[in-house]
>>> print(open('my_file-v5.cif').read())   # mmCIF, C-alpha atoms
data_target
#
loop_
_atom_site.label_atom_id
_atom_site.label_comp_id
_atom_site.auth_asym_id
_atom_site.auth_seq_id
_atom_site.Cartn_x
_atom_site.Cartn_y
_atom_site.Cartn_z
CA VAL G 52 128.27 100.65 105.29
CA MET G 53 129.59 97.08 105.19
CA ARG G 54 129.64 97.00 101.38
CA SER G 55 131.64 100.26 101.24
CA ALA G 56 134.06 99.10 103.92
CA ALA G 57 134.53 95.69 102.26
CA ALA G 58 135.87 97.27 99.09
CA SER G 59 138.98 98.43 100.94
CA ILE G 60 138.94 95.88 103.83
CA LYS G 61 138.49 98.28 106.77
CA ALA G 62 137.96 97.07 110.31
CA VAL G 63 134.51 98.28 111.30
CA THR G 64 132.00 97.73 114.06
CA LEU G 65 128.31 97.73 113.23
CA GLU G 66 125.89 98.55 116.03
CA LEU G 67 122.17 98.11 115.74
CA GLY G 68 121.26 100.54 118.50
CA GLY G 69 120.00 97.78 120.74
CA LYS G 70 119.99 99.78 123.95
CA GLY G 71 117.63 97.78 126.08
CA PRO G 72 116.14 98.02 129.53
CA LEU G 73 117.51 96.59 132.73
CA VAL G 74 114.73 94.68 134.50
CA VAL G 75 114.92 94.10 138.26
CA PHE G 76 112.47 91.72 139.93
CA GLN G 77 111.81 91.37 143.66
CA ASP G 78 113.89 88.19 143.95
CA ALA G 79 117.01 89.94 142.62
CA HIS G 80 120.08 90.46 144.78
CA LEU G 81 119.49 94.18 145.28
CA THR G 82 123.13 95.19 145.77
CA ASN G 83 124.10 93.44 142.54
CA ALA G 84 121.13 94.94 140.71
CA VAL G 85 122.19 98.44 141.76
CA LYS G 86 125.78 97.74 140.66
CA ALA G 87 124.46 96.50 137.30
CA ALA G 88 122.33 99.63 136.87
CA MET G 89 125.30 101.83 137.68
CA MET G 90 127.52 99.99 135.22
CA ALA G 91 124.85 99.92 132.50
CA ASN G 92 124.26 103.65 132.77
CA PHE G 93 127.58 105.20 133.74
CA LEU G 94 130.46 102.96 132.62
CA SER G 95 130.59 104.06 128.99
CA GLN G 96 128.61 107.32 129.22
CA GLY G 97 126.28 106.17 126.45
CA GLN G 98 128.80 105.56 123.67
CA VAL G 99 127.91 101.91 123.16
CA CYS G 100 124.67 100.07 122.52
CA SER G 101 124.99 98.06 125.72
CA ASN G 102 123.92 101.04 127.83
CA GLY G 103 120.81 100.44 129.86
CA THR G 104 118.62 103.30 128.72
CA ARG G 105 115.78 102.31 131.02
CA VAL G 106 115.62 100.56 134.38
CA PHE G 107 112.38 98.77 135.21
CA VAL G 108 112.07 97.78 138.86
CA GLN G 109 109.28 95.70 140.35
CA ARG G 110 107.02 97.96 142.41
CA SER G 111 107.49 95.99 145.64
CA ILE G 112 111.23 96.87 145.77
CA ILE G 113 111.29 100.25 144.04
CA ALA G 114 111.84 102.24 147.26
CA GLN G 115 114.80 100.10 148.38
CA PHE G 116 116.30 100.04 144.90
CA THR G 117 115.95 103.80 144.45
CA GLU G 118 117.48 104.51 147.85
CA GLN G 119 120.53 102.36 147.08
CA LEU G 120 120.84 103.72 143.53
CA VAL G 121 120.72 107.34 144.71
CA ALA G 122 123.33 106.62 147.38
CA ALA G 123 125.62 104.98 144.81
CA THR G 124 125.12 107.83 142.33
CA LYS G 125 126.01 110.43 144.96
CA LYS G 126 129.37 108.68 145.44
CA LEU G 127 130.34 109.21 141.79
CA LYS G 128 133.06 111.78 141.15
CA ILE G 129 132.69 113.53 137.83
CA GLY G 130 135.90 114.68 136.25
CA ASP G 131 138.83 113.85 134.01
CA PRO G 132 138.51 110.15 133.08
CA PHE G 133 142.30 109.81 133.13
CA LEU G 134 142.49 110.67 136.83
CA GLU G 135 142.31 107.68 139.17
CA ASP G 136 139.89 109.27 141.62
CA THR G 137 137.33 110.01 138.89
CA THR G 138 134.60 107.40 138.92
#
>>> encode(input="my_file-v5.cif", output="C-alpha cells")
Amino acid sequence: VMRSAAASIKAVTLELGGKGPLVVFQDAHLTNAVKAAMMANFLSQGQVCSNGTRVFVQRSIIAQFTEQLVAATKKLKIGDPFLEDTT
C-alpha cells in the first residue's frame, strides 16, 4: 500500500489492527476505569485500531466494575451523531 501511494505522494494512514485489551486491576480508580472502558469501546464505534476489543477485570472487582459499566452504558443515547444529545 505504501509503495503504491508513494508513487503519487498520497496522504495515507496505515493501521496494523492493534486493537488490544483494556486491563483493570483491583488498585485501579474504578470510576476512571469505567470511563476508559466506555471511551475505548464507544467513542469511535470501532473504526480505529485504538478500540478496546476486550476488557479484562480482576476478579475481586468484577461485580463493582460491571455494575458501574452497565449503569454508564444505560445512560448512552443512540442516535444521529450530529445531534448534541446523542452520546
>>> atom_distance(input="my_file-v5.cif", atom1="atom CA of Val106 of chain G", atom2="atom CA of Leu73 of chain G")
4.7 Å
>>> closest_residue(input="my_file-v5.cif", among="G:Phe133, G:His80, G:Lys125, G:Met90", to="Gly103 of chain G", atoms="only C-alpha atoms")
G:Met90
>>> atom_distance(input="my_file-v5.cif", atom1="atom CA of Lys126 of chain G", atom2="atom CA of Ile113 of chain G")
20.0 Å
>>> axis_aligned_box(input="my_file-v5.cif", around="segment 77-89 of chain G", padding_each_side="3 Å", output="lines of an AutoDock Vina configuration file")
center_x = 118.8
center_y = 95.0
center_z = 141.3
size_x = 20.0
size_y = 19.6
size_z = 14.9
>>> atom_distance(input="my_file-v5.cif", atom1="atom CA of Phe93 of chain G", atom2="atom CA of Val121 of chain G")
13.1 Å
>>> resolve_selection(input="my_file-v5.cif", expression="the PyMOL selection byres ((chain G and resi 112) around 10)", output="list in words")
Val75, Phe76, Gln77, Asp78, Ala79, Leu81, Val108, Gln109, Arg110, Ser111, Ile113, Ala114, Gln115, Phe116 and Thr117 of chain G
>>> closest_residue(input="my_file-v5.cif", among="G:Leu94, G:Met53, G:Ala88, G:Ala62", to="Gln119 of chain G", atoms="only C-alpha atoms")
G:Ala88
>>> closest_residue(input="my_file-v5.cif", among="G:Arg105, G:Val52, G:Ala123, G:Pro72", to="Lys86 of chain G", atoms="only C-alpha atoms")
G:Ala123
>>> build_atoms(input="my_file-v5.cif", residues="segment 107-124 of chain G", atoms="N, CA, C and O atoms", output="mmCIF file, keeping the file's coordinate frame")
data_model
loop_
_atom_site.group_PDB
_atom_site.id
_atom_site.type_symbol
_atom_site.label_atom_id
_atom_site.label_comp_id
_atom_site.auth_asym_id
_atom_site.auth_seq_id
_atom_site.Cartn_x
_atom_site.Cartn_y
_atom_site.Cartn_z
ATOM 1 N N PHE G 107 113.713 99.130 134.720
ATOM 2 C CA PHE G 107 112.380 98.770 135.210
ATOM 3 C C PHE G 107 112.547 97.961 136.483
ATOM 4 O O PHE G 107 113.231 96.928 136.489
ATOM 5 N N VAL G 108 111.928 98.431 137.556
ATOM 6 C CA VAL G 108 112.070 97.780 138.860
ATOM 7 C C VAL G 108 110.681 97.393 139.357
ATOM 8 O O VAL G 108 109.750 98.206 139.318
ATOM 9 N N GLN G 109 110.570 96.164 139.836
ATOM 10 C CA GLN G 109 109.280 95.700 140.350
ATOM 11 C C GLN G 109 108.837 96.614 141.501
ATOM 12 O O GLN G 109 109.627 97.004 142.363
ATOM 13 N N ARG G 110 107.577 96.981 141.470
ATOM 14 C CA ARG G 110 107.020 97.960 142.410
ATOM 15 C C ARG G 110 107.321 97.636 143.874
ATOM 16 O O ARG G 110 107.595 98.536 144.660
ATOM 17 N N SER G 111 107.310 96.374 144.233
ATOM 18 C CA SER G 111 107.490 95.990 145.640
ATOM 19 C C SER G 111 108.882 96.313 146.182
ATOM 20 O O SER G 111 109.076 96.371 147.397
ATOM 21 N N ILE G 112 109.862 96.558 145.300
ATOM 22 C CA ILE G 112 111.230 96.870 145.770
ATOM 23 C C ILE G 112 111.739 98.219 145.257
ATOM 24 O O ILE G 112 112.901 98.563 145.460
ATOM 25 N N ILE G 113 110.857 98.992 144.643
ATOM 26 C CA ILE G 113 111.290 100.250 144.040
ATOM 27 C C ILE G 113 111.890 101.219 145.062
ATOM 28 O O ILE G 113 112.892 101.880 144.788
ATOM 29 N N ALA G 114 111.324 101.304 146.253
ATOM 30 C CA ALA G 114 111.840 102.240 147.260
ATOM 31 C C ALA G 114 113.254 101.856 147.688
ATOM 32 O O ALA G 114 114.151 102.706 147.746
ATOM 33 N N GLN G 115 113.469 100.571 147.969
ATOM 34 C CA GLN G 115 114.800 100.100 148.380
ATOM 35 C C GLN G 115 115.812 100.283 147.252
ATOM 36 O O GLN G 115 116.929 100.739 147.474
ATOM 37 N N PHE G 116 115.413 99.924 146.054
ATOM 38 C CA PHE G 116 116.300 100.040 144.900
ATOM 39 C C PHE G 116 116.691 101.496 144.674
ATOM 40 O O PHE G 116 117.858 101.823 144.504
ATOM 41 N N THR G 117 115.697 102.371 144.683
ATOM 42 C CA THR G 117 115.950 103.800 144.450
ATOM 43 C C THR G 117 116.864 104.379 145.514
ATOM 44 O O THR G 117 117.788 105.139 145.200
ATOM 45 N N GLU G 118 116.632 104.023 146.753
ATOM 46 C CA GLU G 118 117.480 104.510 147.850
ATOM 47 C C GLU G 118 118.941 104.101 147.633
ATOM 48 O O GLU G 118 119.845 104.923 147.743
ATOM 49 N N GLN G 119 119.156 102.833 147.301
ATOM 50 C CA GLN G 119 120.530 102.360 147.080
ATOM 51 C C GLN G 119 121.133 102.978 145.819
ATOM 52 O O GLN G 119 122.312 103.318 145.801
ATOM 53 N N LEU G 120 120.335 103.145 144.775
ATOM 54 C CA LEU G 120 120.840 103.720 143.530
ATOM 55 C C LEU G 120 121.231 105.188 143.732
ATOM 56 O O LEU G 120 122.284 105.632 143.271
ATOM 57 N N VAL G 121 120.411 105.933 144.440
ATOM 58 C CA VAL G 121 120.720 107.340 144.710
ATOM 59 C C VAL G 121 121.984 107.449 145.546
ATOM 60 O O VAL G 121 122.868 108.274 145.259
ATOM 61 N N ALA G 122 122.125 106.595 146.554
ATOM 62 C CA ALA G 122 123.330 106.620 147.380
ATOM 63 C C ALA G 122 124.576 106.315 146.546
ATOM 64 O O ALA G 122 125.613 106.982 146.689
ATOM 65 N N ALA G 123 124.484 105.334 145.665
ATOM 66 C CA ALA G 123 125.620 104.980 144.810
ATOM 67 C C ALA G 123 125.944 106.104 143.826
ATOM 68 O O ALA G 123 127.114 106.413 143.579
ATOM 69 N N THR G 124 124.917 106.738 143.287
ATOM 70 C CA THR G 124 125.120 107.830 142.330
ATOM 71 C C THR G 124 125.776 109.025 143.002
ATOM 72 O O THR G 124 126.643 109.675 142.422
#
